[in-house]
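The data block below is target_18.cif; it holds mmCIF, C-alpha atoms and all ligand atoms.
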```cif
data_structure
#
loop_
_atom_site.group_PDB
_atom_site.id
_atom_site.type_symbol
_atom_site.label_atom_id
_atom_site.label_comp_id
_atom_site.auth_asym_id
_atom_site.auth_seq_id
_atom_site.Cartn_x
_atom_site.Cartn_y
_atom_site.Cartn_z
ATOM 1 C CA MET K 255 0.000 0.000 0.000
ATOM 2 C CA LYS K 256 1.486 3.302 -1.089
ATOM 3 C CA VAL K 257 1.431 5.899 1.669
ATOM 4 C CA LEU K 258 1.151 9.478 0.459
ATOM 5 C CA ASN K 259 1.371 11.133 3.849
ATOM 6 C CA GLU K 260 1.544 10.001 7.433
ATOM 7 C CA MET K 261 1.442 11.345 10.963
ATOM 8 C CA GLU K 262 1.661 9.847 14.413
ATOM 9 C CA PHE K 263 1.147 11.082 17.937
ATOM 10 C CA SER K 264 0.813 9.597 21.384
ATOM 11 C CA PHE K 265 -0.595 10.828 24.654
ATOM 12 C CA GLU K 266 -1.569 9.778 28.170
ATOM 13 C CA SER K 267 -4.914 8.050 28.689
ATOM 14 C CA ARG K 268 -6.598 10.968 30.423
ATOM 15 C CA SER K 269 -10.175 11.784 29.459
ATOM 16 C CA SER K 270 -9.226 15.438 29.020
ATOM 17 C CA ASN K 271 -7.205 14.336 25.961
ATOM 18 C CA GLU K 272 -10.184 12.904 24.067
ATOM 19 C CA SER K 273 -11.000 16.191 22.433
ATOM 20 C CA PHE K 274 -7.352 16.801 21.513
ATOM 21 C CA ALA K 275 -7.063 13.384 19.844
ATOM 22 C CA ARG K 276 -10.068 13.731 17.545
ATOM 23 C CA SER K 277 -9.186 17.332 16.704
ATOM 24 C CA ALA K 278 -5.616 16.406 15.787
ATOM 25 C CA VAL K 279 -6.801 13.677 13.427
ATOM 26 C CA SER K 280 -9.412 15.895 11.853
ATOM 27 C CA SER K 281 -6.886 18.721 11.307
ATOM 28 C CA PHE K 282 -4.575 16.325 9.492
ATOM 29 C CA VAL K 283 -7.368 14.848 7.372
ATOM 30 C CA ALA K 284 -8.532 18.339 6.406
ATOM 31 C CA GLN K 285 -5.894 18.412 3.638
ATOM 32 C CA LEU K 286 -8.099 15.985 1.669
ATOM 33 C CA ASP K 287 -10.903 18.528 1.684
ATOM 34 C CA PRO K 288 -13.492 16.229 3.271
ATOM 35 C CA THR K 289 -17.128 17.227 3.597
ATOM 36 C CA ILE K 290 -18.299 18.442 7.000
ATOM 37 C CA SER K 291 -20.208 15.248 7.485
ATOM 38 C CA GLU K 292 -17.183 13.058 6.603
ATOM 39 C CA LEU K 293 -15.066 15.016 9.053
ATOM 40 C CA ASN K 294 -17.708 14.636 11.727
ATOM 41 C CA GLU K 295 -17.806 10.875 11.160
ATOM 42 C CA ILE K 296 -14.024 10.636 11.444
ATOM 43 C CA ARG K 297 -14.019 12.691 14.634
ATOM 44 C CA THR K 298 -16.720 10.494 16.118
ATOM 45 C CA ALA K 299 -14.997 7.223 15.169
ATOM 46 C CA VAL K 300 -11.660 8.428 16.611
ATOM 47 C CA SER K 301 -13.394 9.552 19.778
ATOM 48 C CA GLU K 302 -14.897 6.069 20.204
ATOM 49 C CA ALA K 303 -11.574 4.281 19.721
ATOM 50 C CA VAL K 304 -9.665 6.623 22.031
ATOM 51 C CA THR K 305 -12.360 6.548 24.718
ATOM 52 C CA ASN K 306 -12.247 2.746 24.705
ATOM 53 C CA CYS K 307 -8.527 2.879 25.486
ATOM 54 C CA ILE K 308 -9.147 5.251 28.384
ATOM 55 C CA VAL K 309 -12.246 3.551 29.795
ATOM 56 C CA HIS K 310 -11.455 -0.114 29.173
ATOM 57 C CA ALA K 311 -7.820 -0.750 28.228
ATOM 58 C CA TYR K 312 -6.377 1.391 31.027
ATOM 59 C CA LYS K 313 -9.262 1.035 33.413
ATOM 60 C CA ASN K 314 -7.416 1.695 36.662
ATOM 61 C CA GLU K 315 -4.201 3.199 35.394
ATOM 62 C CA ILE K 316 -2.775 5.828 33.111
ATOM 63 C CA GLY K 317 -1.166 4.384 29.998
ATOM 64 C CA ARG K 318 -0.040 5.467 26.579
ATOM 65 C CA ILE K 319 -2.302 5.724 23.546
ATOM 66 C CA SER K 320 -0.879 6.186 20.080
ATOM 67 C CA VAL K 321 -2.629 7.230 16.935
ATOM 68 C CA THR K 322 -1.313 6.883 13.387
ATOM 69 C CA VAL K 323 -3.040 8.448 10.399
ATOM 70 C CA LYS K 324 -2.058 7.552 6.847
ATOM 71 C CA ILE K 325 -3.274 9.049 3.651
ATOM 72 C CA VAL K 326 -3.278 6.461 0.874
ATOM 73 C CA PRO K 327 -4.415 6.578 -2.773
ATOM 74 C CA GLU K 328 -8.063 6.984 -3.727
ATOM 75 C CA ASN K 329 -8.568 9.812 -1.242
ATOM 76 C CA THR K 330 -8.519 7.325 1.603
ATOM 77 C CA VAL K 331 -7.452 7.658 5.224
ATOM 78 C CA VAL K 332 -6.293 4.821 7.443
ATOM 79 C CA ILE K 333 -6.453 5.550 11.170
ATOM 80 C CA LYS K 334 -4.901 3.294 13.757
ATOM 81 C CA VAL K 335 -5.497 3.682 17.500
ATOM 82 C CA ARG K 336 -3.289 1.557 19.723
ATOM 83 C CA ASP K 337 -3.016 0.851 23.445
ATOM 84 C CA SER K 338 -0.940 -1.481 25.607
ATOM 85 C CA GLY K 339 -3.740 -2.112 28.050
ATOM 86 C CA CYS K 340 -5.732 -5.114 29.221
ATOM 87 C CA GLY K 341 -6.687 -6.418 25.769
ATOM 88 C CA ILE K 342 -9.936 -8.051 24.661
ATOM 89 C CA GLU K 343 -10.693 -11.739 25.317
ATOM 90 C CA ASN K 344 -13.403 -12.146 22.705
ATOM 91 C CA ILE K 345 -13.233 -9.558 19.932
ATOM 92 C CA GLN K 346 -16.307 -10.784 18.090
ATOM 93 C CA GLN K 347 -18.444 -10.488 21.198
ATOM 94 C CA ALA K 348 -16.963 -7.081 22.068
ATOM 95 C CA MET K 349 -17.983 -5.772 18.656
ATOM 96 C CA GLU K 350 -21.608 -6.810 18.962
ATOM 97 C CA PRO K 351 -23.882 -3.791 19.304
ATOM 98 C CA LEU K 352 -24.962 -3.187 22.919
ATOM 99 C CA PHE K 353 -22.285 -5.458 24.349
ATOM 100 C CA THR K 354 -20.450 -3.706 27.164
ATOM 101 C CA THR K 355 -18.412 -4.764 30.153
ATOM 102 C CA ALA K 356 -19.092 -1.438 31.880
ATOM 103 C CA PRO K 357 -22.891 -0.949 32.101
ATOM 104 C CA GLY K 358 -22.549 0.624 35.552
ATOM 105 C CA GLU K 359 -20.594 3.509 34.016
ATOM 106 C CA GLU K 360 -23.403 4.326 31.597
ATOM 107 C CA ARG K 361 -21.652 2.798 28.625
ATOM 108 C CA ALA K 362 -24.111 2.012 25.853
ATOM 109 C CA GLY K 363 -22.066 -0.698 24.157
ATOM 110 C CA LEU K 364 -22.227 1.221 20.901
ATOM 111 C CA GLY K 365 -18.634 2.328 20.330
ATOM 112 C CA PHE K 366 -17.708 -0.399 17.841
ATOM 113 C CA ALA K 367 -21.087 -0.092 16.112
ATOM 114 C CA VAL K 368 -20.430 3.630 15.625
ATOM 115 C CA MET K 369 -16.900 3.019 14.304
ATOM 116 C CA GLN K 370 -18.314 0.406 11.935
ATOM 117 C CA SER K 371 -21.058 2.616 10.640
ATOM 118 C CA PHE K 372 -18.968 5.799 10.358
ATOM 119 C CA THR K 373 -16.026 4.252 8.477
ATOM 120 C CA ASP K 374 -15.749 1.819 5.552
ATOM 121 C CA ARG K 375 -13.764 -0.895 7.229
ATOM 122 C CA ILE K 376 -12.546 -1.650 10.728
ATOM 123 C CA SER K 377 -10.192 -4.321 11.948
ATOM 124 C CA VAL K 378 -9.368 -5.080 15.555
ATOM 125 C CA ARG K 379 -6.335 -6.952 16.861
ATOM 126 C CA SER K 380 -5.955 -7.704 20.513
ATOM 127 C CA LYS K 381 -3.999 -9.827 22.950
ATOM 128 C CA PRO K 382 -5.228 -10.162 26.510
ATOM 129 C CA GLY K 383 -2.709 -8.557 28.815
ATOM 130 C CA LYS K 384 -0.808 -6.988 25.902
ATOM 131 C CA GLY K 385 -3.108 -4.469 24.276
ATOM 132 C CA THR K 386 -5.405 -3.663 21.406
ATOM 133 C CA SER K 387 -5.171 -1.926 18.058
ATOM 134 C CA VAL K 388 -8.118 -0.686 16.055
ATOM 135 C CA THR K 389 -7.590 0.201 12.394
ATOM 136 C CA MET K 390 -10.234 2.106 10.472
ATOM 137 C CA ARG K 391 -10.266 2.947 6.789
ATOM 138 C CA LYS K 392 -12.423 5.521 5.114
ATOM 139 C CA ALA K 393 -12.552 6.748 1.520
ATOM 140 C CA LEU K 394 -13.516 10.386 1.180
ATOM 141 C CA SER K 395 -15.629 11.742 -1.615
ATOM 142 C CA ARG K 396 -13.690 13.364 -4.418
ATOM 143 C CA ARG K 397 -14.787 16.892 -4.826
ATOM 144 C CA VAL K 398 -14.317 18.643 -8.106
ATOM 145 C CA SER K 399 -11.402 21.011 -7.860
ATOM 146 C CA ASN K 400 -10.665 23.687 -10.395
ATOM 147 C CA GLY K 401 -6.967 23.887 -9.599
ATOM 148 C CA MET I 132 -18.379 22.435 27.231
ATOM 149 C CA LYS I 133 -20.736 24.591 29.240
ATOM 150 C CA THR I 134 -24.231 24.127 30.622
ATOM 151 C CA SER I 135 -26.929 26.555 31.574
ATOM 152 C CA VAL I 136 -29.783 25.522 33.787
ATOM 153 C CA THR I 137 -33.300 26.807 34.366
ATOM 154 C CA LEU I 138 -36.035 25.480 36.608
ATOM 155 C CA ASP I 139 -39.555 26.580 35.867
ATOM 156 C CA ASP I 140 -42.713 25.104 37.332
ATOM 157 C CA GLY I 141 -41.232 21.654 37.863
ATOM 158 C CA VAL I 142 -39.491 21.602 34.508
ATOM 159 C CA LEU I 143 -35.717 21.439 34.705
ATOM 160 C CA THR I 144 -34.003 22.528 31.501
ATOM 161 C CA VAL I 145 -30.324 21.828 31.010
ATOM 162 C CA LYS I 146 -28.858 23.418 27.924
ATOM 163 C CA ILE I 147 -25.608 21.804 26.856
ATOM 164 C CA CYS I 148 -23.174 23.916 24.853
ATOM 165 C CA GLY I 149 -20.193 22.347 23.109
ATOM 166 C CA GLU I 150 -18.940 18.791 22.719
ATOM 167 C CA ILE I 151 -20.274 15.719 24.522
ATOM 168 C CA ASP I 152 -17.717 12.970 24.987
ATOM 169 C CA HIS I 153 -16.770 10.666 27.854
ATOM 170 C CA HIS I 154 -14.930 13.508 29.589
ATOM 171 C CA THR I 155 -17.658 16.157 29.374
ATOM 172 C CA ALA I 156 -20.575 13.719 29.787
ATOM 173 C CA ALA I 157 -19.308 13.014 33.296
ATOM 174 C CA LEU I 158 -19.542 16.724 34.129
ATOM 175 C CA VAL I 159 -23.080 17.063 32.743
ATOM 176 C CA ARG I 160 -24.158 13.896 34.531
ATOM 177 C CA LYS I 161 -22.901 15.127 37.881
ATOM 178 C CA GLU I 162 -24.500 18.535 37.570
ATOM 179 C CA THR I 163 -27.819 17.228 36.275
ATOM 180 C CA ASP I 164 -28.198 14.415 38.789
ATOM 181 C CA THR I 165 -27.494 16.718 41.698
ATOM 182 C CA LEU I 166 -30.269 19.022 40.495
ATOM 183 C CA ILE I 167 -32.687 16.138 39.892
ATOM 184 C CA GLN I 168 -32.144 14.926 43.415
ATOM 185 C CA GLN I 169 -32.503 18.381 44.947
ATOM 186 C CA LYS I 170 -35.416 19.699 42.908
ATOM 187 C CA ARG I 171 -37.275 16.534 41.925
ATOM 188 C CA PRO I 172 -38.549 18.003 38.631
ATOM 189 C CA ARG I 173 -41.435 16.264 36.875
ATOM 190 C CA GLU I 174 -39.746 16.871 33.563
ATOM 191 C CA LEU I 175 -36.114 17.101 32.509
ATOM 192 C CA ILE I 176 -35.388 18.803 29.214
ATOM 193 C CA LEU I 177 -31.952 18.370 27.705
ATOM 194 C CA ASP I 178 -31.541 21.155 25.152
ATOM 195 C CA PHE I 179 -29.128 20.033 22.443
ATOM 196 C CA SER I 180 -29.398 23.139 20.249
ATOM 197 C CA SER I 181 -25.772 24.100 20.963
ATOM 198 C CA VAL I 182 -24.215 20.647 20.977
ATOM 199 C CA THR I 183 -21.473 20.655 18.340
ATOM 200 C CA PHE I 184 -20.228 17.079 18.732
ATOM 201 C CA MET I 185 -21.348 13.870 20.379
ATOM 202 C CA ASP I 186 -20.169 10.260 20.525
ATOM 203 C CA SER I 187 -21.654 7.183 22.199
ATOM 204 C CA SER I 188 -20.950 8.689 25.618
ATOM 205 C CA GLY I 189 -23.817 11.070 24.872
ATOM 206 C CA ILE I 190 -26.100 8.095 24.262
ATOM 207 C CA GLY I 191 -25.150 6.722 27.667
ATOM 208 C CA LEU I 192 -25.824 10.153 29.151
ATOM 209 C CA ILE I 193 -29.336 10.284 27.668
ATOM 210 C CA MET I 194 -30.185 6.696 28.638
ATOM 211 C CA GLY I 195 -28.960 7.248 32.175
ATOM 212 C CA ARG I 196 -31.075 10.409 32.639
ATOM 213 C CA TYR I 197 -34.079 8.621 31.111
ATOM 214 C CA ARG I 198 -33.693 5.928 33.738
ATOM 215 C CA ILE I 199 -33.263 8.341 36.645
ATOM 216 C CA MET I 200 -36.261 10.467 35.648
ATOM 217 C CA GLY I 201 -38.330 7.272 35.373
ATOM 218 C CA LEU I 202 -37.189 6.273 38.845
ATOM 219 C CA PHE I 203 -38.638 9.496 40.253
ATOM 220 C CA GLY I 204 -41.795 9.222 38.177
ATOM 221 C CA GLY I 205 -40.772 12.029 35.819
ATOM 222 C CA TYR I 206 -40.135 12.410 32.108
ATOM 223 C CA LEU I 207 -37.189 13.216 29.893
ATOM 224 C CA ARG I 208 -37.183 15.161 26.644
ATOM 225 C CA VAL I 209 -34.153 15.771 24.460
ATOM 226 C CA VAL I 210 -34.914 18.755 22.260
ATOM 227 C CA ASN I 211 -33.352 20.661 19.347
ATOM 228 C CA VAL I 212 -31.135 17.789 18.257
ATOM 229 C CA PRO I 213 -28.944 19.074 15.395
ATOM 230 C CA GLU I 214 -28.984 17.335 12.050
ATOM 231 C CA ASN I 215 -25.382 16.141 12.277
ATOM 232 C CA LEU I 216 -26.242 13.995 15.317
ATOM 233 C CA GLU I 217 -29.115 12.289 13.558
ATOM 234 C CA LYS I 218 -27.144 9.311 12.248
ATOM 235 C CA LEU I 219 -25.843 8.559 15.732
ATOM 236 C CA MET I 220 -29.279 8.923 17.312
ATOM 237 C CA ILE I 221 -30.788 6.490 14.808
ATOM 238 C CA LEU I 222 -27.987 3.988 15.270
ATOM 239 C CA SER I 223 -28.446 4.088 19.040
ATOM 240 C CA GLY I 224 -32.050 2.939 18.919
ATOM 241 C CA LEU I 225 -32.942 5.823 21.243
ATOM 242 C CA GLY I 226 -35.842 6.593 18.914
ATOM 243 C CA ALA I 227 -37.791 3.815 20.588
ATOM 244 C CA LEU I 228 -37.845 5.777 23.859
ATOM 245 C CA LYS I 229 -39.695 8.605 22.089
ATOM 246 C CA VAL I 230 -37.770 11.309 23.891
ATOM 247 C CA ILE I 231 -35.800 12.780 20.979
ATOM 248 C CA GLU I 232 -36.977 15.875 19.140
ATOM 249 C CA ARG I 233 -35.123 17.336 16.203
ATOM 250 C CA ARG I 234 -34.116 20.948 15.885
ATOM 251 C CA GLY I 235 -37.142 23.006 14.943
ATOM 252 C CA GLU I 236 -39.497 20.163 15.785
ATOM 253 C CA MET I 237 -42.376 20.834 18.180
ATOM 254 C CA ARG I 238 -44.270 18.252 20.118
ATOM 255 C CA GLU I 239 -47.033 18.378 22.664
ATOM 256 C CA SER I 240 -45.532 18.127 26.105
ATOM 257 C CA ALA I 241 -46.371 14.952 28.011
HETATM 258 N N1 LIG K 501 -9.159 -0.840 23.761
HETATM 259 C C1 LIG K 501 -9.868 -1.748 24.463
HETATM 260 N N2 LIG K 501 -9.251 -2.479 25.436
HETATM 261 C C2 LIG K 501 -9.936 -3.394 26.155
HETATM 262 N N3 LIG K 501 -11.260 -3.652 25.989
HETATM 263 C C3 LIG K 501 -11.920 -2.973 25.045
HETATM 264 C C4 LIG K 501 -11.277 -1.978 24.233
HETATM 265 N N4 LIG K 501 -12.178 -1.474 23.373
HETATM 266 C C5 LIG K 501 -13.341 -2.112 23.635
HETATM 267 N N5 LIG K 501 -13.203 -3.017 24.634
HETATM 268 C C6 LIG K 501 -14.263 -3.931 25.139
HETATM 269 O O1 LIG K 501 -15.278 -4.015 24.154
HETATM 270 C C7 LIG K 501 -16.539 -3.650 24.733
HETATM 271 C C8 LIG K 501 -17.390 -2.953 23.684
HETATM 272 O O2 LIG K 501 -16.832 -1.708 23.285
HETATM 273 P P1 LIG K 501 -17.794 -0.566 22.713
HETATM 274 O O3 LIG K 501 -16.990 0.638 22.460
HETATM 275 O O4 LIG K 501 -18.558 -1.118 21.570
HETATM 276 O O5 LIG K 501 -18.831 -0.336 23.892
HETATM 277 P P2 LIG K 501 -18.564 0.389 25.311
HETATM 278 O O6 LIG K 501 -17.266 1.115 25.279
HETATM 279 O O7 LIG K 501 -18.700 -0.621 26.370
HETATM 280 O O8 LIG K 501 -19.781 1.437 25.385
HETATM 281 P P3 LIG K 501 -19.848 2.839 24.586
HETATM 282 O O9 LIG K 501 -18.744 2.838 23.570
HETATM 283 O O10 LIG K 501 -21.191 2.866 23.948
HETATM 284 O O11 LIG K 501 -19.667 3.880 25.612
HETATM 285 C C9 LIG K 501 -16.207 -2.801 25.923
HETATM 286 O O12 LIG K 501 -17.219 -2.821 26.902
HETATM 287 C C10 LIG K 501 -14.910 -3.455 26.412
HETATM 288 O O13 LIG K 501 -15.182 -4.596 27.199
HETATM 289 MG MG MG K 502 -16.795 2.421 23.734
#
```

What would the structure in this file look like if it were written as C-alpha cells?
Ligand SMILES: Nc1ncnc2c1ncn2[C@@H]1O[C@H](COP(=O)(O)OP(=O)(O)OP(=O)(O)O)[C@@H](O)[C@H]1O
Ligand SMILES: [Mg+2]
Amino acid sequence: MKVLNEMEFSFESRSSNESFARSAVSSFVAQLDPTISELNEIRTAVSEAVTNCIVHAYKNEIGRISVTVKIVPENTVVIKVRDSGCGIENIQQAMEPLFTTAPGEERAGLGFAVMQSFTDRISVRSKPGKGTSVTMRKALSRRVSNG
Amino acid sequence: MKTSVTLDDGVLTVKICGEIDHHTAALVRKETDTLIQQKRPRELILDFSSVTFMDSSGIGLIMGRYRIMGLFGGYLRVVNVPENLEKLMILSGLGALKVIERRGEMRESA
C-alpha cells in the first residue's frame, strides 16, 4: 500500500485528551478537503476508539495511547489507534452492538457499532494482557477542484 | 463544554453547549443528577441546540437520565437535536424511547 502522507502522535490516557485526539486527526485529514459530514464521522470514530482505550484498556491506570493516520491513494485515510492495556478476550463479542463490560458507568455498548457505521472498514487486533489496536479505513468523496 | 440551567414550574431545563464525549458527559451527569435529586422536577429537558459534537458517551448520558427520571416518576425530553447527530441517534435505537426531538421540531408536552 502506497502511503502518500503520514502522521503519528501519542498521549496519556486521560479523558481530558479525548477532544485533543479527535481534533488532531481531523486537522490532518482536512488536507483531503473532506465534507463536514465526513469530518464529523471521522471525529466520532476516533473519539470512540480513544475513549475505549481510556475507559477499558487502562481502566485503573494511566497508559499510553498512540494514533497513526495515513493518507493512501483513492482519497482514503487509514487511522490506527493503539493501546498497551488489558486487551480483549473475545473480539467478536466485544464488537456486537450493545455489548459492554461497563454498564454501571453508563456505557451504551455502541462504540464499535459507531466506528463500523462511520467508516468503511474496521479491523481489531488484541492480545489479553498486551493491548489492542483498532484500524479504520475511510474513503472520502472526491470533490471537483478547479486547480 | 458549558451548561446553563433553568427550573420553571417543575421543569428542569439543562442546555448543553459544546462537545459531549466521555470527559464532558461526566460533568453534565454530575450537575444534572445533583439538580434532579434536589429539585425533583417532573420533567427534565436536555436542550441540544448548541451541541457541536457527540459520541456514544452522549447516548449513555441520555439513557442514564431517562432511567433516573423514570425512577422518580418524571419524564425526559431531548430537544433541538442538530442534524449532524441524527445518524448517531438512529444507530443508538434511542428513537424507541420517544424522547428525541429534532431541531425546529415541536411536540405536545407529556
Ligand atoms: N481498547 C480496548 N481495550 C480493552 N477492551 C476494550 C477496548 N475497546 C473495547 N473493549 C471492550 O469491548 C466492549 C465494547 O466496546 P464498545 O466501544 O462497543 O462499547 P462500550 O465502550 O462498552 O460502550 P460505549 O462505547 O457505547 O460507551 C467494551 O465494553 C470493552 O469490554
Ligand atoms: Mg466504547

Please compute the CA of Ile325 (chain K)-CA of Asn259 (chain K) distance, one decimal, in Å.
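Between these atoms lies a distance of 5.1 Å.
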
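With distances restricted to only C-alpha atoms, K:Ala299 is the closest residue to chain I from K:Val321, K:Ala299, K:Ala284, K:Val279.
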
To box region 339-358 of chain K, take all atoms listed in the file, fit an axis-aligned box, add 4 Å on each side, and give centre and edge lengths in Å to one decimal, as lines of an AutoDock Vina configuration file.
```
center_x = -14.4
center_y = -5.8
center_z = 26.8
size_x = 29.2
size_y = 20.8
size_z = 25.5
```

Evaluate the PyMOL selection byres (((not hetatm)) within 7 of (chain K and resi 502)) on the structure here and hand back the selected residues as a PyMOL selection string.
(chain K and resi 302-303+305-306+361+363-366) or (chain I and resi 187)

Contacts of Arg336 (chain K) within 12 Å, all atoms listed in the file, excl. fewer than 3 positions in-chain, as number ranges by chain
K: 262-267, 300, 303-308, 311-312, 317-323, 333, 339-341, 377-381, 384-390

Near region 134-146 of chain I, counting only C-alpha atoms, which residues have an atom at most 9 Å away, once you skip same-chain residues fewer than 3 positions from it, shown as a PyMOL selection string?
chain I and resi 149+159+162-163+166-167+170-182

Could you work out which residues of chain I fall inside 9 Å of chain K? Count only C-alpha atoms, and format the result as a PyMOL selection string.
chain I and resi 150+152-155+184-188+190-192+194-195+215+219+222-223

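In this comparison, which uses only C-alpha atoms, the residue of K:Ile342, K:Ile376, K:Leu286, K:Met261 approaching Thr330 (chain K) most closely is K:Leu286.
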
Pick out the residues sitting within 12 Å of Gly226 (chain I), and hand them over as a PyMOL selection string; count all atoms listed in the file, and ignore anything fewer than 3 positions along from it in its own chain.
chain I and resi 190+193-194+208-209+217-223+229-233

Give me the residues near Lys324 (chain K) as an mmCIF file with C-alpha atoms, in the frame of the given file, where near means some atom within 6 Å (using all atoms listed in the file) and where sequence neighbours in that chain fewer than 4 positions away do not count.
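Once everything was written out, this is result.cif:
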```cif
data_model
loop_
_atom_site.group_PDB
_atom_site.id
_atom_site.type_symbol
_atom_site.label_atom_id
_atom_site.label_comp_id
_atom_site.auth_asym_id
_atom_site.auth_seq_id
_atom_site.Cartn_x
_atom_site.Cartn_y
_atom_site.Cartn_z
ATOM 1 C CA ASN K 259 1.371 11.133 3.849
ATOM 2 C CA GLU K 260 1.544 10.001 7.433
ATOM 3 C CA VAL K 331 -7.452 7.658 5.224
ATOM 4 C CA VAL K 332 -6.293 4.821 7.443
#
```

My list of candidates is I:Ala157, I:Val210, I:Ala227, I:Leu216. Which is closest to ligand LIG 501 (chain K) when distances are computed with only C-alpha atoms and all ligand atoms?
I:Ala157

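Nearest residue to Gln285 (chain K) among K:Ser338, K:Thr355, K:Gln346, K:Asn329 is K:Asn329, counting only C-alpha atoms.
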
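With atom N5 of ligand LIG 501 (chain K) on one side and CA of Ile316 (chain K) on the other, the separation reads 16.1 Å.
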
From the list K:Leu258, K:Ala356, K:Val335, K:Leu394, which residue is nearest Leu293 (chain K) when using only C-alpha atoms?
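Closest residue, counting only C-alpha atoms: K:Leu394.
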
Just give me the gap between CA of Gln168 (chain I) and CA of Leu207 (chain I) in Å, one decimal is fine.
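Straight-line distance from CA of Gln168 (chain I) to CA of Leu207 (chain I) works out to 14.5 Å.
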